[in-house]
file coords.pdb (PDB, C-alpha atoms and all ligand atoms)
ATOM      1  CA  MET A   7       2.167   2.582  11.339  1.00  0.00           C
ATOM      2  CA  LEU A   8       5.046   2.595   8.851  1.00  0.00           C
ATOM      3  CA  VAL A   9       4.464   3.295   5.147  1.00  0.00           C
ATOM      4  CA  LEU A  10       6.544   2.016   2.197  1.00  0.00           C
ATOM      5  CA  VAL A  11       6.394   3.921  -1.099  1.00  0.00           C
ATOM      6  CA  SER A  12       7.946   3.898  -4.583  1.00  0.00           C
ATOM      7  CA  GLY A  13       6.424   6.912  -6.293  1.00  0.00           C
ATOM      8  CA  ALA A  14       4.192   9.945  -5.994  1.00  0.00           C
ATOM      9  CA  GLY A  15       2.995   9.070  -2.516  1.00  0.00           C
ATOM     10  CA  THR A  16      -0.545  10.415  -2.791  1.00  0.00           C
ATOM     11  CA  ASN A  17      -1.816   7.482  -0.736  1.00  0.00           C
ATOM     12  CA  LEU A  18       0.844   8.256   1.880  1.00  0.00           C
ATOM     13  CA  GLN A  19      -0.265  11.898   1.861  1.00  0.00           C
ATOM     14  CA  ALA A  20      -3.879  10.882   2.473  1.00  0.00           C
ATOM     15  CA  LEU A  21      -2.734   8.873   5.511  1.00  0.00           C
ATOM     16  CA  LEU A  22      -0.569  11.757   6.758  1.00  0.00           C
ATOM     17  CA  ASP A  23      -3.482  14.181   6.410  1.00  0.00           C
ATOM     18  CA  ALA A  24      -5.887  11.834   8.228  1.00  0.00           C
ATOM     19  CA  SER A  25      -3.420  11.179  11.041  1.00  0.00           C
ATOM     20  CA  ARG A  26      -3.252  14.874  11.922  1.00  0.00           C
ATOM     21  CA  ASP A  27      -6.610  14.316  13.659  1.00  0.00           C
ATOM     22  CA  PRO A  28      -5.884  12.557  16.987  1.00  0.00           C
ATOM     23  CA  GLU A  29      -9.258  10.803  16.762  1.00  0.00           C
ATOM     24  CA  TYR A  30      -8.076   8.972  13.659  1.00  0.00           C
ATOM     25  CA  GLY A  31      -5.980   6.887  16.051  1.00  0.00           C
ATOM     26  CA  VAL A  32      -3.035   6.240  13.737  1.00  0.00           C
ATOM     27  CA  GLU A  33       0.413   7.785  13.781  1.00  0.00           C
ATOM     28  CA  VAL A  34       2.858   7.401  10.876  1.00  0.00           C
ATOM     29  CA  VAL A  35       6.233   6.664  12.519  1.00  0.00           C
ATOM     30  CA  ALA A  36       8.481   6.397   9.435  1.00  0.00           C
ATOM     31  CA  VAL A  37       8.468   6.062   5.645  1.00  0.00           C
ATOM     32  CA  GLY A  38      10.677   3.716   3.625  1.00  0.00           C
ATOM     33  CA  ALA A  39      11.297   3.415  -0.109  1.00  0.00           C
ATOM     34  CA  ASP A  40      13.079   1.278  -2.694  1.00  0.00           C
ATOM     35  CA  ARG A  41      14.309   4.298  -4.673  1.00  0.00           C
ATOM     36  CA  ASP A  42      15.578   7.871  -4.200  1.00  0.00           C
ATOM     37  CA  ASP A  43      14.239  11.151  -5.509  1.00  0.00           C
ATOM     38  CA  ILE A  44      10.559  10.394  -5.328  1.00  0.00           C
ATOM     39  CA  GLU A  45       7.769  12.677  -4.235  1.00  0.00           C
ATOM     40  CA  GLY A  46       6.691  10.065  -1.670  1.00  0.00           C
ATOM     41  CA  LEU A  47       9.931  10.607   0.271  1.00  0.00           C
ATOM     42  CA  ALA A  48       9.670  14.381  -0.091  1.00  0.00           C
ATOM     43  CA  ARG A  49       6.196  14.240   1.436  1.00  0.00           C
ATOM     44  CA  ALA A  50       7.567  12.285   4.410  1.00  0.00           C
ATOM     45  CA  GLU A  51      10.432  14.733   4.871  1.00  0.00           C
ATOM     46  CA  ARG A  52       8.058  17.715   4.761  1.00  0.00           C
ATOM     47  CA  ALA A  53       6.038  15.973   7.488  1.00  0.00           C
ATOM     48  CA  GLY A  54       9.225  15.708   9.581  1.00  0.00           C
ATOM     49  CA  LEU A  55       9.257  11.905   9.515  1.00  0.00           C
ATOM     50  CA  PRO A  56      12.303   9.640   9.505  1.00  0.00           C
ATOM     51  CA  THR A  57      12.886   7.985   6.129  1.00  0.00           C
ATOM     52  CA  PHE A  58      15.060   5.205   4.746  1.00  0.00           C
ATOM     53  CA  VAL A  59      15.846   3.936   1.241  1.00  0.00           C
ATOM     54  CA  HIS A  60      17.036   0.475   0.223  1.00  0.00           C
ATOM     55  CA  ARG A  61      17.545  -0.108  -3.492  1.00  0.00           C
ATOM     56  CA  VAL A  62      17.533  -3.735  -4.634  1.00  0.00           C
ATOM     57  CA  LYS A  63      20.450  -3.066  -6.987  1.00  0.00           C
ATOM     58  CA  ASP A  64      22.710  -2.084  -4.065  1.00  0.00           C
ATOM     59  CA  PHE A  65      22.447  -5.580  -2.549  1.00  0.00           C
ATOM     60  CA  ALA A  66      24.105  -8.859  -3.546  1.00  0.00           C
ATOM     61  CA  SER A  67      20.768 -10.658  -3.528  1.00  0.00           C
ATOM     62  CA  ARG A  68      17.068 -10.058  -3.241  1.00  0.00           C
ATOM     63  CA  GLU A  69      17.173 -11.871   0.129  1.00  0.00           C
ATOM     64  CA  ALA A  70      19.835  -9.478   1.455  1.00  0.00           C
ATOM     65  CA  TRP A  71      17.701  -6.517   0.352  1.00  0.00           C
ATOM     66  CA  ASP A  72      14.637  -8.021   2.021  1.00  0.00           C
ATOM     67  CA  ALA A  73      16.542  -8.620   5.271  1.00  0.00           C
ATOM     68  CA  GLU A  74      17.761  -5.012   5.373  1.00  0.00           C
ATOM     69  CA  LEU A  75      14.291  -3.668   4.575  1.00  0.00           C
ATOM     70  CA  THR A  76      12.894  -5.805   7.389  1.00  0.00           C
ATOM     71  CA  ALA A  77      15.534  -4.579   9.850  1.00  0.00           C
ATOM     72  CA  SER A  78      14.913  -0.926   8.976  1.00  0.00           C
ATOM     73  CA  CYS A  79      11.174  -1.339   9.420  1.00  0.00           C
ATOM     74  CA  ALA A  80      11.633  -3.225  12.715  1.00  0.00           C
ATOM     75  CA  LYS A  81      13.701  -0.367  14.187  1.00  0.00           C
ATOM     76  CA  HIS A  82      10.549   1.752  14.232  1.00  0.00           C
ATOM     77  CA  GLN A  83       8.464  -0.996  15.894  1.00  0.00           C
ATOM     78  CA  PRO A  84       5.362  -0.424  13.763  1.00  0.00           C
ATOM     79  CA  ASP A  85       2.061  -2.126  14.651  1.00  0.00           C
ATOM     80  CA  LEU A  86       1.027  -2.048  11.004  1.00  0.00           C
ATOM     81  CA  ILE A  87       2.880  -1.595   7.706  1.00  0.00           C
ATOM     82  CA  VAL A  88       1.144  -0.077   4.685  1.00  0.00           C
ATOM     83  CA  LEU A  89       2.552  -0.667   1.198  1.00  0.00           C
ATOM     84  CA  ALA A  90       1.252   2.453  -0.550  1.00  0.00           C
ATOM     85  CA  GLY A  91       2.373   2.159  -4.157  1.00  0.00           C
ATOM     86  CA  PHE A  92       5.426   0.119  -3.106  1.00  0.00           C
ATOM     87  CA  MET A  93       6.456  -1.606  -6.352  1.00  0.00           C
ATOM     88  CA  LYS A  94       8.461  -4.492  -4.906  1.00  0.00           C
ATOM     89  CA  LEU A  95       7.466  -7.899  -3.634  1.00  0.00           C
ATOM     90  CA  THR A  96       8.539  -8.333  -0.045  1.00  0.00           C
ATOM     91  CA  GLY A  97      10.271 -11.617   0.790  1.00  0.00           C
ATOM     92  CA  GLN A  98      10.423 -14.288   3.451  1.00  0.00           C
ATOM     93  CA  ALA A  99      12.250 -12.265   6.095  1.00  0.00           C
ATOM     94  CA  PHE A 100       9.763  -9.422   5.784  1.00  0.00           C
ATOM     95  CA  LEU A 101       6.745 -11.739   5.912  1.00  0.00           C
ATOM     96  CA  GLY A 102       8.254 -13.613   8.866  1.00  0.00           C
ATOM     97  CA  GLU A 103       8.379 -10.376  10.846  1.00  0.00           C
ATOM     98  CA  PHE A 104       5.396  -8.447   9.504  1.00  0.00           C
ATOM     99  CA  GLY A 105       3.132 -11.077   7.897  1.00  0.00           C
ATOM    100  CA  GLY A 106      -0.479 -10.636   8.989  1.00  0.00           C
ATOM    101  CA  ARG A 107       0.055  -6.964   9.771  1.00  0.00           C
ATOM    102  CA  THR A 108       1.078  -5.592   6.385  1.00  0.00           C
ATOM    103  CA  VAL A 109      -1.514  -4.298   3.940  1.00  0.00           C
ATOM    104  CA  ASN A 110      -1.096  -3.341   0.299  1.00  0.00           C
ATOM    105  CA  THR A 111      -3.317  -1.369  -2.014  1.00  0.00           C
ATOM    106  CA  HIS A 112      -3.714  -2.445  -5.623  1.00  0.00           C
ATOM    107  CA  PRO A 113      -5.448  -0.484  -8.406  1.00  0.00           C
ATOM    108  CA  ALA A 114      -7.748  -3.282  -9.642  1.00  0.00           C
ATOM    109  CA  LEU A 115     -10.524  -5.499  -8.295  1.00  0.00           C
ATOM    110  CA  SER A 116      -8.729  -8.673  -7.174  1.00  0.00           C
ATOM    111  CA  PRO A 117      -8.411 -11.363  -8.285  1.00  0.00           C
ATOM    112  CA  ALA A 118      -8.505  -9.590 -11.664  1.00  0.00           C
ATOM    113  CA  PHE A 119      -5.413  -7.885 -13.078  1.00  0.00           C
ATOM    114  CA  PRO A 120      -2.684  -8.487 -10.458  1.00  0.00           C
ATOM    115  CA  GLY A 121       0.791  -7.040 -10.929  1.00  0.00           C
ATOM    116  CA  MET A 122       2.379  -3.782 -11.892  1.00  0.00           C
ATOM    117  CA  ASP A 123      -0.177  -2.329 -14.290  1.00  0.00           C
ATOM    118  CA  GLY A 124      -3.690  -3.058 -13.103  1.00  0.00           C
ATOM    119  CA  PRO A 125      -5.311  -0.015 -14.782  1.00  0.00           C
ATOM    120  CA  ALA A 126      -3.689  -0.728 -18.174  1.00  0.00           C
ATOM    121  CA  ALA A 127      -4.669  -4.403 -18.025  1.00  0.00           C
ATOM    122  CA  ALA A 128      -8.270  -3.544 -17.107  1.00  0.00           C
ATOM    123  CA  LEU A 129      -8.492  -1.009 -19.931  1.00  0.00           C
ATOM    124  CA  ALA A 130      -7.009  -3.455 -22.460  1.00  0.00           C
ATOM    125  CA  TYR A 131      -9.462  -6.172 -21.386  1.00  0.00           C
ATOM    126  CA  GLY A 132     -12.370  -3.783 -21.891  1.00  0.00           C
ATOM    127  CA  VAL A 133     -14.001  -4.141 -18.486  1.00  0.00           C
ATOM    128  CA  LYS A 134     -16.668  -1.559 -17.617  1.00  0.00           C
ATOM    129  CA  VAL A 135     -16.001  -1.602 -13.880  1.00  0.00           C
ATOM    130  CA  THR A 136     -12.659  -1.807 -12.121  1.00  0.00           C
ATOM    131  CA  GLY A 137     -11.404  -0.262  -8.889  1.00  0.00           C
ATOM    132  CA  ALA A 138      -8.972  -0.847  -6.059  1.00  0.00           C
ATOM    133  CA  THR A 139      -8.366  -3.599  -3.524  1.00  0.00           C
ATOM    134  CA  LEU A 140      -6.847  -3.339  -0.061  1.00  0.00           C
ATOM    135  CA  PHE A 141      -5.442  -6.688   1.063  1.00  0.00           C
ATOM    136  CA  VAL A 142      -3.274  -8.287   3.718  1.00  0.00           C
ATOM    137  CA  VAL A 143       0.059  -9.140   2.119  1.00  0.00           C
ATOM    138  CA  ASP A 144       0.983 -12.798   1.634  1.00  0.00           C
ATOM    139  CA  ALA A 145       3.735 -14.452  -0.425  1.00  0.00           C
ATOM    140  CA  GLY A 146       1.859 -14.105  -3.734  1.00  0.00           C
ATOM    141  CA  VAL A 147       1.333 -11.197  -6.118  1.00  0.00           C
ATOM    142  CA  ASP A 148      -1.700  -9.173  -4.965  1.00  0.00           C
ATOM    143  CA  SER A 149      -3.211 -12.412  -3.670  1.00  0.00           C
ATOM    144  CA  GLY A 150      -3.705 -11.895   0.076  1.00  0.00           C
ATOM    145  CA  PRO A 151      -6.978 -11.760   2.055  1.00  0.00           C
ATOM    146  CA  VAL A 152      -9.137  -8.835   0.971  1.00  0.00           C
ATOM    147  CA  VAL A 153      -9.780  -6.081   3.515  1.00  0.00           C
ATOM    148  CA  ASP A 154     -11.995  -4.031   1.218  1.00  0.00           C
ATOM    149  CA  GLN A 155     -12.628  -3.131  -2.410  1.00  0.00           C
ATOM    150  CA  THR A 156     -13.970  -0.047  -4.118  1.00  0.00           C
ATOM    151  CA  ALA A 157     -15.497   0.005  -7.601  1.00  0.00           C
ATOM    152  CA  VAL A 158     -14.850   2.593 -10.302  1.00  0.00           C
ATOM    153  CA  ARG A 159     -16.536   2.759 -13.729  1.00  0.00           C
ATOM    154  CA  VAL A 160     -14.428   2.824 -16.853  1.00  0.00           C
ATOM    155  CA  GLU A 161     -15.612   5.823 -18.875  1.00  0.00           C
ATOM    156  CA  GLU A 162     -15.788   6.133 -22.643  1.00  0.00           C
ATOM    157  CA  GLY A 163     -12.540   7.797 -23.739  1.00  0.00           C
ATOM    158  CA  ASP A 164     -10.522   6.817 -20.658  1.00  0.00           C
ATOM    159  CA  ASP A 165      -6.808   6.320 -21.120  1.00  0.00           C
ATOM    160  CA  VAL A 166      -4.583   4.596 -18.555  1.00  0.00           C
ATOM    161  CA  GLU A 167      -3.784   7.869 -16.833  1.00  0.00           C
ATOM    162  CA  SER A 168      -7.358   9.164 -16.517  1.00  0.00           C
ATOM    163  CA  LEU A 169      -8.591   5.764 -15.337  1.00  0.00           C
ATOM    164  CA  HIS A 170      -5.784   5.346 -12.793  1.00  0.00           C
ATOM    165  CA  GLU A 171      -6.343   8.877 -11.444  1.00  0.00           C
ATOM    166  CA  ARG A 172     -10.068   8.150 -10.931  1.00  0.00           C
ATOM    167  CA  ILE A 173      -9.194   4.835  -9.246  1.00  0.00           C
ATOM    168  CA  LYS A 174      -6.718   6.606  -6.966  1.00  0.00           C
ATOM    169  CA  VAL A 175      -9.380   9.003  -5.653  1.00  0.00           C
ATOM    170  CA  ALA A 176     -11.515   6.034  -4.536  1.00  0.00           C
ATOM    171  CA  GLU A 177      -8.441   4.088  -3.416  1.00  0.00           C
ATOM    172  CA  ARG A 178      -7.210   6.825  -1.078  1.00  0.00           C
ATOM    173  CA  ALA A 179     -10.615   7.114   0.613  1.00  0.00           C
ATOM    174  CA  MET A 180     -10.773   3.333   1.113  1.00  0.00           C
ATOM    175  CA  LEU A 181      -7.211   3.179   2.427  1.00  0.00           C
ATOM    176  CA  VAL A 182      -7.746   5.940   4.989  1.00  0.00           C
ATOM    177  CA  ARG A 183     -11.068   4.494   6.157  1.00  0.00           C
ATOM    178  CA  CYS A 184      -9.824   0.892   6.478  1.00  0.00           C
ATOM    179  CA  VAL A 185      -6.407   1.579   8.005  1.00  0.00           C
ATOM    180  CA  GLY A 186      -8.107   3.755  10.641  1.00  0.00           C
ATOM    181  CA  ARG A 187     -10.521   0.959  11.470  1.00  0.00           C
ATOM    182  CA  MET A 188      -7.758  -1.668  11.570  1.00  0.00           C
ATOM    183  CA  ALA A 189      -5.790   0.473  14.012  1.00  0.00           C
ATOM    184  CA  ARG A 190      -8.726   1.470  16.210  1.00  0.00           C
ATOM    185  CA  GLU A 191     -10.716  -1.769  16.202  1.00  0.00           C
ATOM    186  CA  GLY A 192      -8.170  -4.467  15.361  1.00  0.00           C
ATOM    187  CA  PHE A 193      -8.957  -7.150  12.799  1.00  0.00           C
ATOM    188  CA  SER A 194      -8.968 -10.907  12.317  1.00  0.00           C
ATOM    189  CA  ILE A 195      -8.513 -13.223   9.342  1.00  0.00           C
ATOM    190  CA  THR A 196     -10.404 -16.524   9.174  1.00  0.00           C
ATOM    191  CA  ASP A 197     -10.497 -18.597   5.962  1.00  0.00           C
ATOM    192  CA  ARG A 198      -9.361 -15.518   4.017  1.00  0.00           C
ATOM    193  CA  LYS A 199     -12.227 -13.426   5.461  1.00  0.00           C
ATOM    194  CA  VAL A 200     -10.941 -10.212   7.009  1.00  0.00           C
ATOM    195  CA  ARG A 201     -13.137  -8.770   9.746  1.00  0.00           C
ATOM    196  CA  PHE A 202     -12.718  -5.616  11.754  1.00  0.00           C
ATOM    197  CA  GLY A 203     -12.872  -5.939  15.540  1.00  0.00           C
ATOM    198  CA  GLN A 204     -11.220  -8.190  18.114  1.00  0.00           C
TER     199      GLN A 204
HETATM  200  C1  LIG B   1      -1.583   3.336  -6.414  1.00  0.00           C
HETATM  201  O1  LIG B   1      -2.652   3.385  -7.332  1.00  0.00           O
HETATM  202  C2  LIG B   1      -1.317   1.902  -5.975  1.00  0.00           C
HETATM  203  O2  LIG B   1      -2.466   1.126  -5.890  1.00  0.00           O
HETATM  204  C3  LIG B   1      -0.426   1.428  -7.095  1.00  0.00           C
HETATM  205  O3  LIG B   1       0.440   2.501  -7.317  1.00  0.00           O
HETATM  206  C4  LIG B   1      -0.252   3.725  -7.063  1.00  0.00           C
HETATM  207  C5  LIG B   1       0.607   4.575  -6.157  1.00  0.00           C
HETATM  208  O4  LIG B   1       0.165   5.878  -6.102  1.00  0.00           O
HETATM  209  N1  LIG B   1       0.242   0.220  -6.692  1.00  0.00           N
HETATM  210  C6  LIG B   1       0.427  -0.821  -7.503  1.00  0.00           C
HETATM  211  O5  LIG B   1       0.118  -0.820  -8.688  1.00  0.00           O
HETATM  212  C7  LIG B   1       1.070  -2.028  -6.845  1.00  0.00           C
HETATM  213  N2  LIG B   1       0.780  -3.223  -7.584  1.00  0.00           N
HETATM  214  P1  LIG B   1       0.796   6.913  -5.048  1.00  0.00           P
HETATM  215  O6  LIG B   1       2.319   6.775  -5.125  1.00  0.00           O
HETATM  216  O7  LIG B   1       0.339   8.251  -5.541  1.00  0.00           O
HETATM  217  O8  LIG B   1       0.245   6.580  -3.692  1.00  0.00           O
END
call {"tool": "encode", "arguments": {"input": "coords.pdb", "output": "structure tokens"}}
result
Amino acid sequence: MLVLVSGAGTNLQALLDASRDPEYGVEVVAVGADRDDIEGLARAERAGLPTFVHRVKDFASREAWDAELTASCAKHQPDLIVLAGFMKLTGQAFLGEFGGRTVNTHPALSPAFPGMDGPAAALAYGVKVTGATLFVVDAGVDSGPVVDQTAVRVEEGDDVESLHERIKVAERAMLVRCVGRMAREGFSITDRKVRFGQ
């Protein structure tokens, strides 16, 4: 499994911690990012993993960035790619190579509140329950087939930070549980329904 990050990397850390147990059945082979100087990369380096960084602004086009990202991921021959707080949309080259075996985690209950700030949008709307969604990446924004969802109550007095932190606790548990099952049992997608097992 290869993990792509853009920030703190707490979801990555949860996967690294789980994969220390051989029975978990998943090995993180490399970590990539779209920016430097992030705790997500530091976590990977502390774990002794190879890392790579491709910043969109260093490329002539979004397509060129996507092609380079795809090539760097392919070098590590991952079975599965996990976007764990990766704040970029992957493009056609990436989906051509890794479509159907890339999952992303989003801090809202899809199809509500897609995009960059799920917790803020949920709070502004005034919902009482939100959560996180793990999905198989497609060409849309947080629109792919749902692997699993976990619900979190919005508490009186929540701000974006407190709500997002509570979501992330549930999100990390869901991510670790589902990625382990996907790796150990395989999965299929029929009419958008994701099922574990062959
Ligand atoms: C997570 O809550 C993830 O769902 C969110 O960023 C956070 C990353 O946390 N991703 C998105 O909002 C993507 N649309 P982390 O860096 O501590 O794992």
call {"tool": "atom_distance", "arguments": {"input": "coords.pdb", "atom1": "atom CA of A:His60", "atom2": "atom CA of A:Ala39"}}
result
6.5 Å
call {"tool": "resolve_selection", "arguments": {"input": "coords.pdb", "expression": "the PyMOL selection byres (((chain A and resi 192) around 6) and not hetatm)", "output": "NGL selection string"}}
result
:A and (188-189 or 191 or 193 or 202-204)
call {"tool": "residues_near_point", "arguments": {"input": "coords.pdb", "point": "(4.3, 16.3, -3.6)", "cutoff": "9 Å", "atoms": "all atoms listed in the file", "output": "PyMOL selection string"}}
result
chain A and resi 14-16+19+44-49
call {"tool": "write_last_selection", "arguments": {"input": "coords.pdb", "atoms": "C-alpha atoms", "output": "mmCIF file, in the coordinates of the input"}}
result
data_model
loop_
_atom_site.group_PDB
_atom_site.id
_atom_site.type_symbol
_atom_site.label_atom_id
_atom_site.label_comp_id
_atom_site.auth_asym_id
_atom_site.auth_seq_id
_atom_site.Cartn_x
_atom_site.Cartn_y
_atom_site.Cartn_z
ATOM 1 C CA ALA A 14 4.192 9.945 -5.994
ATOM 2 C CA GLY A 15 2.995 9.070 -2.516
ATOM 3 C CA THR A 16 -0.545 10.415 -2.791
ATOM 4 C CA GLN A 19 -0.265 11.898 1.861
ATOM 5 C CA ILE A 44 10.559 10.394 -5.328
ATOM 6 C CA GLU A 45 7.769 12.677 -4.235
ATOM 7 C CA GLY A 46 6.691 10.065 -1.670
ATOM 8 C CA LEU A 47 9.931 10.607 0.271
ATOM 9 C CA ALA A 48 9.670 14.381 -0.091
ATOM 10 C CA ARG A 49 6.196 14.240 1.436
#
call {"tool": "residues_around", "arguments": {"input": "coords.pdb", "residues": "A:Asp72", "least_positions_apart": "2", "cutoff": "8 Å", "atoms": "all atoms listed in the file", "output": "PyMOL selection string"}}
result
chain A and resi 68-70+74-76+96-100
call {"tool": "residues_near_point", "arguments": {"input": "coords.pdb", "point": "(4.3, 0.6, 2.9)", "cutoff": "8 Å", "atoms": "all atoms listed in the file", "output": "count of residues only"}}
result
15
call {"tool": "decode", "arguments": {"input": "coords.pdb", "residues": "stretch 74-95 of chain A", "atoms": "N, CA, C and O atoms", "output": "CSV table (one decimal), in the first residue's frame"}}
result
chain,number,residue,atom,x,y,z
A,74,GLU,N,3.6,12.7,-13.4
A,74,GLU,CA,4.8,12.5,-12.6
A,74,GLU,C,4.4,11.8,-11.3
A,74,GLU,O,5.1,10.9,-10.8
A,75,LEU,N,3.3,12.2,-10.7
A,75,LEU,CA,2.7,11.6,-9.5
A,75,LEU,C,2.5,10.1,-9.8
A,75,LEU,O,2.8,9.2,-9.0
A,76,THR,N,1.9,9.8,-10.9
A,76,THR,CA,1.5,8.5,-11.3
A,76,THR,C,2.8,7.6,-11.4
A,76,THR,O,2.9,6.5,-10.9
A,77,ALA,N,3.8,8.2,-12.1
A,77,ALA,CA,5.0,7.4,-12.3
A,77,ALA,C,5.7,7.2,-11.0
A,77,ALA,O,6.2,6.0,-10.8
A,78,SER,N,5.7,8.1,-10.1
A,78,SER,CA,6.4,7.9,-8.8
A,78,SER,C,5.7,6.8,-8.0
A,78,SER,O,6.3,6.0,-7.3
A,79,CYS,N,4.4,6.9,-8.0
A,79,CYS,CA,3.6,5.8,-7.3
A,79,CYS,C,3.9,4.5,-7.9
A,79,CYS,O,4.1,3.5,-7.2
A,80,ALA,N,3.9,4.4,-9.3
A,80,ALA,CA,4.0,3.1,-10.0
A,80,ALA,C,5.4,2.5,-9.6
A,80,ALA,O,5.5,1.2,-9.6
A,81,LYS,N,6.4,3.3,-9.4
A,81,LYS,CA,7.7,2.7,-9.1
A,81,LYS,C,7.7,1.8,-7.9
A,81,LYS,O,8.5,0.8,-7.8
A,82,HIS,N,6.8,2.0,-7.0
A,82,HIS,CA,6.7,1.2,-5.8
A,82,HIS,C,5.7,0.0,-5.9
A,82,HIS,O,5.5,-0.7,-5.0
A,83,GLN,N,5.1,-0.1,-7.1
A,83,GLN,CA,4.2,-1.2,-7.4
A,83,GLN,C,3.2,-1.5,-6.3
A,83,GLN,O,3.1,-2.6,-5.8
A,84,PRO,N,2.4,-0.4,-5.8
A,84,PRO,CA,1.5,-0.7,-4.7
A,84,PRO,C,0.2,-1.4,-5.2
A,84,PRO,O,-0.2,-1.2,-6.4
A,85,ASP,N,-0.3,-2.3,-4.4
A,85,ASP,CA,-1.6,-3.0,-4.7
A,85,ASP,C,-2.7,-2.0,-4.5
A,85,ASP,O,-3.7,-2.0,-5.2
A,86,LEU,N,-2.6,-1.1,-3.5
A,86,LEU,CA,-3.6,-0.2,-3.1
A,86,LEU,C,-3.0,1.2,-2.8
A,86,LEU,O,-1.9,1.2,-2.3
A,87,ILE,N,-3.7,2.3,-3.2
A,87,ILE,CA,-3.2,3.6,-2.8
A,87,ILE,C,-4.3,4.2,-1.9
A,87,ILE,O,-5.5,4.1,-2.1
A,88,VAL,N,-3.8,4.8,-0.8
A,88,VAL,CA,-4.7,5.5,0.2
A,88,VAL,C,-4.4,7.0,0.1
A,88,VAL,O,-3.3,7.4,0.4
A,89,LEU,N,-5.4,7.8,-0.2
A,89,LEU,CA,-5.3,9.2,-0.1
A,89,LEU,C,-5.7,9.6,1.3
A,89,LEU,O,-6.9,9.5,1.6
A,90,ALA,N,-4.8,10.0,2.1
A,90,ALA,CA,-5.1,10.2,3.6
A,90,ALA,C,-4.9,11.7,3.9
A,90,ALA,O,-3.8,12.1,4.3
A,91,GLY,N,-5.9,12.5,3.6
A,91,GLY,CA,-5.7,13.9,3.7
A,91,GLY,C,-4.9,14.5,2.6
A,91,GLY,O,-4.2,15.5,2.7
A,92,PHE,N,-5.0,13.9,1.4
A,92,PHE,CA,-4.3,14.4,0.2
A,92,PHE,C,-5.2,15.4,-0.5
A,92,PHE,O,-6.3,15.0,-0.9
A,93,MET,N,-4.8,16.7,-0.5
A,93,MET,CA,-5.7,17.8,-0.8
A,93,MET,C,-5.7,18.1,-2.3
A,93,MET,O,-5.8,19.3,-2.7
A,94,LYS,N,-5.4,17.1,-3.2
A,94,LYS,CA,-5.4,17.4,-4.6
A,94,LYS,C,-6.3,16.4,-5.3
A,94,LYS,O,-6.3,15.2,-4.9
A,95,LEU,N,-6.9,16.8,-6.4
A,95,LEU,CA,-7.7,15.8,-7.2
A,95,LEU,C,-6.7,15.2,-8.1
A,95,LEU,O,-5.9,15.8,-8.8
